[in-house]
file my_file.tsv (TSV, C-alpha atoms (C1' of nucleotides))
chain	number	residue	atom	x	y	z
A	1	MET	CA	-43.86	163.92	83.40
A	2	ALA	CA	-40.15	164.26	83.10
A	3	LEU	CA	-39.14	164.69	79.50
A	4	GLU	CA	-35.82	163.22	78.78
A	5	HIS	CA	-34.65	165.56	76.09
A	6	LEU	CA	-34.90	169.27	76.68
A	7	PHE	CA	-34.60	172.22	74.37
A	8	GLN	CA	-31.88	174.63	75.34
A	9	GLY	CA	-29.61	177.25	73.87
A	10	SER	CA	-30.18	180.16	71.54
A	11	ALA	CA	-29.58	181.09	67.91
A	12	LEU	CA	-30.35	183.93	65.57
A	13	ASN	CA	-31.17	182.92	62.02
A	14	GLY	CA	-32.27	184.76	58.92
A	15	VAL	CA	-35.54	184.52	57.05
A	16	ASP	CA	-34.76	184.41	53.35
A	17	ALA	CA	-36.70	185.94	50.48
A	18	LYS	CA	-38.91	182.89	50.21
A	19	GLY	CA	-39.82	182.96	53.89
A	20	ARG	CA	-37.62	180.02	54.78
A	21	VAL	CA	-35.77	179.68	58.11
A	22	SER	CA	-33.22	177.13	59.21
A	23	VAL	CA	-34.25	175.52	62.47
A	24	PRO	CA	-31.00	175.31	64.47
A	25	ALA	CA	-29.49	171.85	64.40
A	26	PHE	CA	-29.37	171.59	68.20
A	27	LEU	CA	-33.14	172.01	68.38
A	28	ARG	CA	-33.78	169.59	65.55
A	29	SER	CA	-31.72	166.96	67.27
A	30	VAL	CA	-33.99	167.16	70.33
A	31	ILE	CA	-37.09	166.85	68.16
A	32	GLU	CA	-35.68	163.79	66.50
A	33	ARG	CA	-34.63	162.21	69.75
A	34	ARG	CA	-38.10	162.73	71.24
A	35	GLY	CA	-39.80	161.03	68.31
A	36	ASP	CA	-38.86	160.37	64.77
A	37	ALA	CA	-40.82	163.22	63.26
A	38	ARG	CA	-39.13	165.82	61.14
A	39	THR	CA	-41.94	168.23	61.88
A	40	ILE	CA	-42.53	171.04	64.31
A	41	VAL	CA	-45.75	172.49	65.66
A	42	LEU	CA	-46.02	176.26	65.79
A	43	ALA	CA	-48.45	178.12	68.03
A	44	LYS	CA	-48.97	181.58	69.39
A	45	HIS	CA	-47.27	181.83	72.78
A	46	GLU	CA	-49.77	182.29	75.59
A	47	THR	CA	-47.83	184.91	77.49
A	48	PHE	CA	-45.41	186.59	75.11
A	49	ALA	CA	-45.65	188.15	71.66
A	50	CYS	CA	-43.72	185.31	70.07
A	51	LEU	CA	-44.29	181.83	68.75
A	52	SER	CA	-44.07	178.67	70.75
A	53	ALA	CA	-42.78	175.56	69.02
A	54	TYR	CA	-42.46	171.90	69.85
A	55	ASP	CA	-42.49	168.43	68.41
A	56	PRO	CA	-45.79	166.70	67.52
A	57	ALA	CA	-45.52	164.29	70.46
A	58	TYR	CA	-45.48	167.18	72.87
A	59	ALA	CA	-48.78	168.49	71.47
A	60	ALA	CA	-50.55	165.50	72.98
A	61	LEU	CA	-48.87	166.14	76.30
A	62	LYS	CA	-49.95	169.71	76.19
A	63	HIS	CA	-53.53	168.61	75.82
A	64	SER	CA	-53.41	166.57	78.99
A	65	LYS	CA	-51.79	169.44	80.82
A	66	ILE	CA	-54.73	171.64	79.97
A	67	GLU	CA	-57.13	168.93	81.10
A	68	ARG	CA	-55.37	168.70	84.41
A	69	LEU	CA	-55.58	172.43	84.86
A	70	LEU	CA	-59.33	172.28	84.36
A	71	GLU	CA	-59.79	169.53	86.91
A	72	LYS	CA	-57.83	171.46	89.46
A	73	SER	CA	-59.90	174.61	89.20
A	74	GLU	CA	-63.25	173.18	88.22
A	75	GLN	CA	-65.23	174.78	91.00
A	76	GLU	CA	-63.86	178.20	90.36
A	77	GLU	CA	-65.76	180.93	88.65
A	78	GLY	CA	-65.09	181.00	84.93
A	79	ALA	CA	-63.02	177.85	84.87
A	80	GLN	CA	-64.93	176.36	82.00
A	81	LEU	CA	-64.48	179.43	79.87
A	82	ALA	CA	-60.80	179.64	80.63
A	83	TYR	CA	-60.48	176.01	79.64
A	84	GLN	CA	-62.24	176.56	76.33
A	85	GLN	CA	-60.06	179.53	75.58
A	86	ARG	CA	-56.86	177.70	76.38
A	87	ASN	CA	-57.83	174.81	74.19
A	88	LEU	CA	-58.69	177.09	71.30
A	89	LEU	CA	-55.36	178.84	71.55
A	90	ALA	CA	-53.39	175.69	71.91
A	91	PHE	CA	-54.90	173.81	69.04
A	92	ALA	CA	-56.78	176.08	66.65
A	93	VAL	CA	-54.10	178.73	66.58
A	94	SER	CA	-51.34	176.34	65.69
A	95	GLU	CA	-49.85	174.77	62.59
A	96	GLU	CA	-47.69	171.79	61.95
A	97	VAL	CA	-44.88	172.36	59.48
A	98	PRO	CA	-42.31	169.88	58.20
A	99	TYR	CA	-38.67	170.82	57.78
A	100	ASP	CA	-36.77	169.72	54.72
A	101	SER	CA	-33.55	167.79	54.38
A	102	THR	CA	-31.48	170.90	55.05
A	103	GLY	CA	-33.49	171.64	58.20
A	104	ARG	CA	-35.52	174.56	56.95
A	105	ILE	CA	-39.17	175.33	57.54
A	106	LEU	CA	-41.41	177.73	55.68
A	107	LEU	CA	-42.97	180.07	58.20
A	108	PRO	CA	-46.70	180.25	57.42
A	109	ALA	CA	-47.89	183.80	56.76
A	110	MET	CA	-50.31	183.74	59.65
A	111	MET	CA	-47.62	182.68	62.09
A	112	ARG	CA	-45.29	185.30	60.77
A	113	ARG	CA	-47.98	187.81	61.55
A	114	LYS	CA	-48.80	186.39	65.00
A	115	GLY	CA	-45.17	186.35	65.99
A	116	GLY	CA	-44.40	189.73	64.47
A	117	ILE	CA	-41.65	188.06	62.44
A	118	SER	CA	-39.77	189.94	59.76
A	119	ASP	CA	-36.34	188.96	58.47
A	120	LEU	CA	-34.54	187.74	61.58
A	121	VAL	CA	-35.68	185.19	64.11
A	122	LEU	CA	-34.31	184.36	67.52
A	123	PHE	CA	-34.69	180.76	68.65
A	124	LEU	CA	-34.74	180.16	72.41
A	125	GLY	CA	-34.79	176.75	74.06
A	126	VAL	CA	-37.10	176.67	77.10
A	127	GLY	CA	-36.95	173.04	78.17
A	128	GLU	CA	-40.13	171.35	77.03
A	129	THR	CA	-40.61	173.74	74.13
A	130	PHE	CA	-38.72	176.42	72.30
A	131	GLN	CA	-39.68	179.95	71.30
A	132	ILE	CA	-39.34	181.90	68.11
A	133	TRP	CA	-39.01	185.66	68.47
A	134	ASN	CA	-38.52	188.74	66.45
A	135	PRO	CA	-35.40	189.97	68.30
A	136	GLU	CA	-36.69	193.54	68.32
A	137	THR	CA	-39.89	192.46	70.04
A	138	LEU	CA	-37.93	190.63	72.70
A	139	LEU	CA	-35.73	193.62	73.41
A	140	GLY	CA	-38.83	195.77	73.77
A	141	ASP	CA	-40.67	193.51	76.22
A	142	ASP	CA	-40.13	194.64	79.80
A	143	ARG	CA	-41.09	191.27	81.22
A	144	ILE	CA	-37.97	189.73	79.69
A	145	PRO	CA	-35.01	189.34	82.10
A	146	GLU	CA	-32.00	191.46	81.27
A	147	ASP	CA	-29.67	188.48	81.01
A	148	LEU	CA	-31.78	187.12	78.21
A	149	LYS	CA	-31.79	190.42	76.39
A	150	ASP	CA	-28.01	190.31	76.61
A	151	VAL	CA	-28.07	187.01	74.80
A	152	CYS	CA	-30.23	188.57	72.11
A	153	ARG	CA	-27.91	191.57	71.78
A	154	TYR	CA	-24.94	189.30	71.61
A	155	ARG	CA	-26.47	187.25	68.82
A	156	LEU	CA	-27.23	190.42	66.90
A	157	GLU	CA	-23.67	191.67	67.26
A	158	GLU	CA	-22.33	188.34	66.16
A	159	ARG	CA	-24.10	188.89	62.87
A	160	GLY	CA	-22.77	192.41	62.62
A	161	LEU	CA	-26.11	194.00	63.52
A	162	ALA	CA	-25.38	196.17	66.49
B	1	MET	CA	-32.13	165.06	95.91
B	2	ALA	CA	-28.78	163.72	97.00
B	3	LEU	CA	-26.62	163.28	93.97
B	4	GLU	CA	-24.36	160.37	94.31
B	5	HIS	CA	-21.35	161.66	92.48
B	6	LEU	CA	-20.04	165.08	93.30
B	7	PHE	CA	-17.70	167.41	91.48
B	8	GLN	CA	-14.58	168.29	93.41
B	9	GLY	CA	-11.08	169.48	92.92
B	10	SER	CA	-9.47	172.20	90.84
B	11	ALA	CA	-7.42	172.52	87.69
B	12	LEU	CA	-6.01	175.24	85.50
B	13	ASN	CA	-6.10	174.59	81.78
B	14	GLY	CA	-5.30	176.56	78.67
B	15	VAL	CA	-7.64	177.77	75.95
B	16	ASP	CA	-6.06	177.22	72.56
B	17	ALA	CA	-6.29	179.36	69.45
B	18	LYS	CA	-9.48	177.67	68.36
B	19	GLY	CA	-11.15	178.25	71.70
B	20	ARG	CA	-10.79	174.67	72.83
B	21	VAL	CA	-10.31	173.61	76.46
B	22	SER	CA	-9.63	170.24	77.99
B	23	VAL	CA	-12.21	169.45	80.63
B	24	PRO	CA	-10.18	167.91	83.48
B	25	ALA	CA	-10.48	164.14	83.50
B	26	PHE	CA	-11.65	164.04	87.13
B	27	LEU	CA	-14.67	166.18	86.26
B	28	ARG	CA	-15.47	164.19	83.14
B	29	SER	CA	-15.48	161.00	85.12
B	30	VAL	CA	-18.21	162.43	87.41
B	31	ILE	CA	-20.29	163.44	84.40
B	32	GLU	CA	-20.03	159.99	82.95
B	33	ARG	CA	-20.89	158.31	86.21
B	34	ARG	CA	-23.99	160.47	86.62
B	35	GLY	CA	-25.31	159.60	83.19
B	36	ASP	CA	-23.78	158.34	80.04
B	37	ALA	CA	-23.62	161.66	78.27
B	38	ARG	CA	-20.38	163.08	77.04
B	39	THR	CA	-21.71	166.62	77.10
B	40	ILE	CA	-21.73	169.45	79.56
B	41	VAL	CA	-24.18	172.30	79.99
B	42	LEU	CA	-22.71	175.77	80.39
B	43	ALA	CA	-24.56	178.70	81.93
B	44	LYS	CA	-23.74	182.09	83.39
B	45	HIS	CA	-23.30	181.76	87.13
B	46	GLU	CA	-26.06	183.56	89.02
B	47	THR	CA	-23.80	185.13	91.61
B	48	PHE	CA	-20.25	185.27	90.30
B	49	ALA	CA	-18.66	186.50	87.10
B	50	CYS	CA	-17.90	182.97	85.97
B	51	LEU	CA	-19.58	180.08	84.24
B	52	SER	CA	-21.50	177.32	85.90
B	53	ALA	CA	-21.35	173.87	84.36
B	54	TYR	CA	-23.09	170.58	84.90
B	55	ASP	CA	-24.18	167.41	83.19
B	56	PRO	CA	-27.42	167.14	81.17
B	57	ALA	CA	-29.08	164.99	83.83
B	58	TYR	CA	-28.68	167.81	86.31
B	59	ALA	CA	-30.32	170.17	83.83
B	60	ALA	CA	-33.34	167.87	83.74
B	61	LEU	CA	-33.44	167.96	87.51
B	62	LYS	CA	-33.41	171.70	87.41
B	63	HIS	CA	-36.31	171.59	85.01
B	64	SER	CA	-38.49	169.43	87.21
B	65	LYS	CA	-37.78	171.72	90.13
B	66	ILE	CA	-39.17	174.62	88.14
B	67	GLU	CA	-42.20	172.56	87.13
B	68	ARG	CA	-42.95	171.68	90.71
B	69	LEU	CA	-42.69	175.29	91.69
B	70	LEU	CA	-45.31	176.18	89.14
B	71	GLU	CA	-47.76	173.51	90.21
B	72	LYS	CA	-47.50	174.69	93.77
B	73	SER	CA	-48.45	178.25	92.99
B	74	GLU	CA	-50.50	177.84	89.88
B	75	GLN	CA	-53.47	179.91	90.96
B	76	GLU	CA	-51.42	182.78	92.25
B	77	GLU	CA	-51.18	186.07	90.50
B	78	GLY	CA	-48.17	186.21	88.21
B	79	ALA	CA	-47.21	182.60	88.72
B	80	GLN	CA	-47.38	181.89	85.04
B	81	LEU	CA	-45.08	184.76	84.18
B	82	ALA	CA	-42.56	183.87	86.84
B	83	TYR	CA	-42.52	180.35	85.50
B	84	GLN	CA	-41.87	181.54	81.97
B	85	GLN	CA	-39.05	183.76	83.12
B	86	ARG	CA	-37.38	181.05	85.14
B	87	ASN	CA	-37.48	178.67	82.24
B	88	LEU	CA	-36.04	181.20	79.86
B	89	LEU	CA	-33.14	181.91	82.17
B	90	ALA	CA	-32.47	178.26	82.91
B	91	PHE	CA	-32.54	177.08	79.33
B	92	ALA	CA	-32.16	179.91	76.86
B	93	VAL	CA	-29.19	181.44	78.65
B	94	SER	CA	-27.25	178.21	78.54
B	95	GLU	CA	-25.61	175.95	76.00
B	96	GLU	CA	-24.98	172.28	75.79
B	97	VAL	CA	-21.59	171.36	74.38
B	98	PRO	CA	-20.21	167.89	73.72
B	99	TYR	CA	-16.63	167.04	74.49
B	100	ASP	CA	-14.64	165.01	72.03
B	101	SER	CA	-12.70	161.82	72.47
B	102	THR	CA	-9.77	163.71	73.95
B	103	GLY	CA	-12.05	165.43	76.47
B	104	ARG	CA	-12.09	168.88	74.95
B	105	ILE	CA	-14.97	171.28	74.52
B	106	LEU	CA	-15.19	174.32	72.34
B	107	LEU	CA	-16.13	177.25	74.56
B	108	PRO	CA	-18.88	179.08	72.67
B	109	ALA	CA	-17.97	182.69	71.99
B	110	MET	CA	-20.97	183.94	73.93
B	111	MET	CA	-19.99	181.98	77.00
B	112	ARG	CA	-16.42	183.12	76.71
B	113	ARG	CA	-17.70	186.65	76.86
B	114	LYS	CA	-20.18	186.05	79.69
B	115	GLY	CA	-17.52	184.37	81.78
B	116	GLY	CA	-14.81	186.89	80.89
B	117	ILE	CA	-12.67	184.01	79.65
B	118	SER	CA	-9.44	184.64	77.79
B	119	ASP	CA	-6.61	182.09	77.48
B	120	LEU	CA	-6.58	180.37	80.85
B	121	VAL	CA	-9.44	178.78	82.74
B	122	LEU	CA	-9.70	177.57	86.29
B	123	PHE	CA	-12.03	174.65	86.92
B	124	LEU	CA	-13.51	174.35	90.40
B	125	GLY	CA	-15.64	171.45	91.55
B	126	VAL	CA	-18.51	172.62	93.78
B	127	GLY	CA	-20.49	169.46	94.46
B	128	GLU	CA	-23.54	169.35	92.26
B	129	THR	CA	-21.95	171.57	89.63
B	130	PHE	CA	-18.57	172.94	88.76
B	131	GLN	CA	-17.40	176.43	87.88
B	132	ILE	CA	-15.22	177.80	85.14
B	133	TRP	CA	-13.31	180.97	85.94
B	134	ASN	CA	-10.88	183.34	84.43
B	135	PRO	CA	-8.24	183.08	87.21
B	136	GLU	CA	-7.68	186.83	87.16
B	137	THR	CA	-11.36	187.47	87.78
B	138	LEU	CA	-11.35	185.09	90.72
B	139	LEU	CA	-8.34	186.75	92.29
B	140	GLY	CA	-10.01	190.12	91.87
B	141	ASP	CA	-13.32	189.17	93.48
B	142	ASP	CA	-13.39	190.17	97.14
B	143	ARG	CA	-16.18	187.75	97.95
B	144	ILE	CA	-13.83	184.83	97.29
B	145	PRO	CA	-12.19	183.32	100.41
B	146	GLU	CA	-8.46	183.76	100.60
B	147	ASP	CA	-7.89	180.02	100.82
B	148	LEU	CA	-9.47	179.55	97.46
B	149	LYS	CA	-7.43	182.33	95.95
B	150	ASP	CA	-4.36	180.52	97.24
B	151	VAL	CA	-5.40	177.47	95.28
B	152	CYS	CA	-5.69	179.63	92.23
B	153	ARG	CA	-2.27	181.20	92.82
B	154	TYR	CA	-0.79	177.79	93.35
B	155	ARG	CA	-2.16	176.54	90.05
B	156	LEU	CA	-0.77	179.57	88.30
B	157	GLU	CA	2.68	179.07	89.80
B	158	GLU	CA	2.57	175.44	88.84
B	159	ARG	CA	2.33	176.60	85.26
B	160	GLY	CA	5.14	179.09	85.73
B	161	LEU	CA	2.80	182.07	85.72
B	162	ALA	CA	3.44	183.79	88.97
C	1	DT	C1'	-51.49	178.84	33.74
C	2	DC	C1'	-49.49	181.23	37.37
C	3	DA	C1'	-47.95	181.49	41.97
C	4	DA	C1'	-46.50	179.17	45.75
C	5	DA	C1'	-44.21	175.52	47.77
C	6	DT	C1'	-40.79	171.79	47.53
C	7	DC	C1'	-36.66	169.84	45.99
C	8	DC	C1'	-31.94	169.85	44.62
C	9	DC	C1'	-27.40	171.56	44.28
C	10	DA	C1'	-23.56	174.87	45.47
C	11	DT	C1'	-20.93	177.70	48.70
C	12	DT	C1'	-18.37	178.87	52.81
C	13	DG	C1'	-16.97	179.02	57.13
C	14	DA	C1'	-17.38	177.23	61.61
C	15	DG	C1'	-17.06	173.27	64.28
C	16	DT	C1'	-15.37	168.41	64.75
C	17	DC	C1'	-12.41	164.58	64.17
C	18	DC	C1'	-8.13	162.38	64.05
C	19	DC	C1'	-3.47	161.76	64.77
C	20	DA	C1'	0.83	163.23	66.89
C	21	DT	C1'	3.66	165.24	70.76
C	22	DG	C1'	5.34	165.86	75.29
C	23	DG	C1'	4.89	165.67	80.12
C	24	DT	C1'	3.60	163.41	84.50
C	25	DC	C1'	2.70	159.75	87.33
C	26	DA	C1'	2.32	155.07	88.87
C	27	DC	C1'	3.74	150.69	88.69
C	28	DC	C1'	6.92	146.95	88.10
C	29	DC	C1'	11.00	144.54	87.94
C	30	DG	C1'	15.72	144.11	88.32
D	1	DC	C1'	16.10	151.60	95.73
D	2	DG	C1'	16.21	153.30	91.19
D	3	DG	C1'	15.59	153.16	86.58
D	4	DG	C1'	12.66	151.75	82.98
D	5	DT	C1'	8.13	151.32	80.92
D	6	DG	C1'	3.57	152.14	79.95
D	7	DA	C1'	-0.77	154.56	80.73
D	8	DC	C1'	-3.15	158.70	80.79
D	9	DC	C1'	-3.72	163.51	80.22
D	10	DA	C1'	-3.31	168.18	78.22
D	11	DT	C1'	-2.33	170.19	73.96
D	12	DG	C1'	-1.11	171.37	68.80
D	13	DG	C1'	-2.22	171.16	64.02
D	14	DG	C1'	-4.19	169.61	59.68
D	15	DA	C1'	-8.06	167.51	57.30
D	16	DC	C1'	-12.62	166.96	56.94
D	17	DT	C1'	-17.69	167.30	57.90
D	18	DC	C1'	-21.77	169.60	58.45
D	19	DA	C1'	-24.80	173.59	59.35
D	20	DA	C1'	-26.72	177.81	57.49
D	21	DT	C1'	-27.81	180.03	53.45
D	22	DG	C1'	-28.53	181.35	48.37
D	23	DG	C1'	-30.28	180.26	43.92
D	24	DG	C1'	-32.29	177.64	40.30
D	25	DA	C1'	-35.38	173.91	38.77
D	26	DT	C1'	-39.46	171.18	39.31
D	27	DT	C1'	-43.83	170.08	41.12
D	28	DT	C1'	-48.37	171.13	43.13
D	29	DG	C1'	-52.61	173.21	43.66
D	30	DA	C1'	-56.00	176.76	42.89

call {"tool": "encode", "arguments": {"input": "my_file.tsv", "output": "structure tokens"}}
result
Amino acid sequence: MALEHLFQGSALNGVDAKGRVSVPAFLRSVIERRGDARTIVLAKHETFACLSAYDPAYAALKHSKIERLLEKSEQEEGAQLAYQQRNLLAFAVSEEVPYDSTGRILLPAMMRRKGGISDLVLFLGVGETFQIWNPETLLGDDRIPEDLKDVCRYRLEERGLA
Amino acid sequence: MALEHLFQGSALNGVDAKGRVSVPAFLRSVIERRGDARTIVLAKHETFACLSAYDPAYAALKHSKIERLLEKSEQEEGAQLAYQQRNLLAFAVSEEVPYDSTGRILLPAMMRRKGGISDLVLFLGVGETFQIWNPETLLGDDRIPEDLKDVCRYRLEERGLA
DNA sequence: TCAAATCCCATTGAGTCCCATGGTCACCCG
DNA sequence: CGGGTGACCATGGGACTCAATGGGATTTGA
């Protein structure tokens, strides 16, 4: 499964009073090249305290990935349960939101809570998907490589928020 | 994975007031032979204080390498986390920039900082990728072979900057 | 009917495009 | 052989486009 168009790059955008966020144009262009949707799917990230986001077409792919994982580890203890849990997280704890003509989405309240989002969000391309972080959370996570934290700090400075 | 077209050669170009740089024509021609993109991907070099650059197709290759790594070690402890970290570094700490009809890119401010770039850049073809250096940094790095530094000095002289 | 969500328009500043210049090199023809 | 000519490349500058964001107006749904 080699996806042709990959998400990459980073950006720090503001959340306005209405809860709106501009999805960076370079991410939107990948979404639109992968399909013709002007919609993104938001989910809780399985490893980090952030949100994972992708285009609707990728959601289907994700499903088959989970299936494949199950088949691989079927005989193992607890495989079924792990499978059920993964599926729940991937699909029940997710929401599809459209972006408008200026490229903004409205972050649903639940997702804002799950991702610990306040008034600034850091977008990070990760190839097949992209992530949406509260920059403070990222800086506080010790599993995050230092080079990436540098990117985050740089983006904050750029906005005059040392 | 033997790439057919390889980056080679060197050039010293200027960065103008807007932060624009001409990508040497001999590098662009490799990019366009590898795929039909007119964009390059910039990333911090993992070893040296310079930037690493390649075409989008090579980025996809990099991605599938990481995927394969994951599948190999899926059951292992911490495999998932290592995978996440690799992906973040490969994609979030990089930027894709298009070059215009005259072959120029705009060096993003973050990359200029990461690569210690000021007003002169040295391009070095290194096979699968190419590197972008501040010539001063290269001359000051004691891991760089003297022969290569000579190339750098030669390019500087050529421009009347002994 | 009220609040929330969507749409529409305005601003501004960064990024992109387009055209022009000058230099170098290769090629061609006298 | 030598000068002319044209192509291509690096570079400068001005004009313009578009992305990110703010605010008001309109619609939708409980």

call {"tool": "interface_residues", "arguments": {"input": "my_file.tsv", "of": "chain C", "to": "chain A", "cutoff": "9 Å", "atoms": "only C-alpha atoms (C1' of nucleotides)", "output": "PyMOL selection string"}}
result
chain C and resi 5-7

call {"tool": "atom_distance", "arguments": {"input": "my_file.tsv", "atom1": "CA of Cys50 in chain A", "atom2": "CA of Val97 in chain B"}}
result
26.5 Å

call {"tool": "closest_residue", "arguments": {"input": "my_file.tsv", "among": "B:Ser118, B:Thr102, B:Thr39, B:Ser10", "to": "chain D", "atoms": "all atoms listed in the file"}}
result
B:Thr102

call {"tool": "interface_residues", "arguments": {"input": "my_file.tsv", "of": "chain A", "to": "chain B", "cutoff": "7 Å", "atoms": "all atoms listed in the file", "output": "number ranges by chain"}}
result
A: 2, 8-10, 124-127, 144-145, 148, 151

call {"tool": "closest_residue", "arguments": {"input": "my_file.tsv", "among": "A:Phe7, A:Leu12, A:Ala37, A:Ser22", "to": "chain D", "atoms": "only C-alpha atoms (C1' of nucleotides)"}}
result
A:Ser22

call {"tool": "atom_distance", "arguments": {"input": "my_file.tsv", "atom1": "CA of Phe123 in chain B", "atom2": "CA of Ala11 in chain B"}}
result
5.1 Å

call {"tool": "closest_atom_pairs", "arguments": {"input": "my_file.tsv", "of": "chain A", "to": "chain D", "cutoff": "10 Å", "atoms": "only C-alpha atoms (C1' of nucleotides)", "output": "Markdown table"}}
result
| residue | atom | partner | partner_atom | distance |
| --- | --- | --- | --- | --- |
| A:Asn13 | CA | D:DA20 | C1' | 8.2 |
| A:Gly14 | CA | D:DT21 | C1' | 8.5 |
| A:Val15 | CA | D:DT21 | C1' | 9.6 |
| A:Asp16 | CA | D:DT21 | C1' | 8.2 |
| A:Ala17 | CA | D:DG22 | C1' | 9.6 |
| A:Arg20 | CA | D:DT21 | C1' | 9.9 |
| A:Val21 | CA | D:DT21 | C1' | 9.2 |
| A:Ser22 | CA | D:DA20 | C1' | 6.8 |
| A:Val23 | CA | D:DA20 | C1' | 9.3 |
| A:Pro24 | CA | D:DA19 | C1' | 8.2 |
| A:Ala25 | CA | D:DA19 | C1' | 7.1 |
| A:Thr102 | CA | D:DA19 | C1' | 8.4 |
| A:Gly103 | CA | D:DA19 | C1' | 9.0 |
| A:Arg104 | CA | D:DA20 | C1' | 9.4 |

call {"tool": "atom_distance", "arguments": {"input": "my_file.tsv", "atom1": "CA of Ile132 in chain A", "atom2": "CA of Arg38 in chain A"}}
result
17.5 Å

call {"tool": "closest_residue", "arguments": {"input": "my_file.tsv", "among": "A:Arg153, A:Gly78, A:Ala49, A:Leu161", "to": "Gly116 in chain A", "atoms": "all atoms listed in the file"}}
result
A:Ala49

call {"tool": "axis_aligned_box", "arguments": {"input": "my_file.tsv", "around": "range 21-26 of chain C", "padding_each_side": "8 Å", "output": "lines of an AutoDock Vina configuration file"}}
result
center_x = 3.8
center_y = 160.5
center_z = 79.8
size_x = 19.0
size_y = 26.8
size_z = 34.1
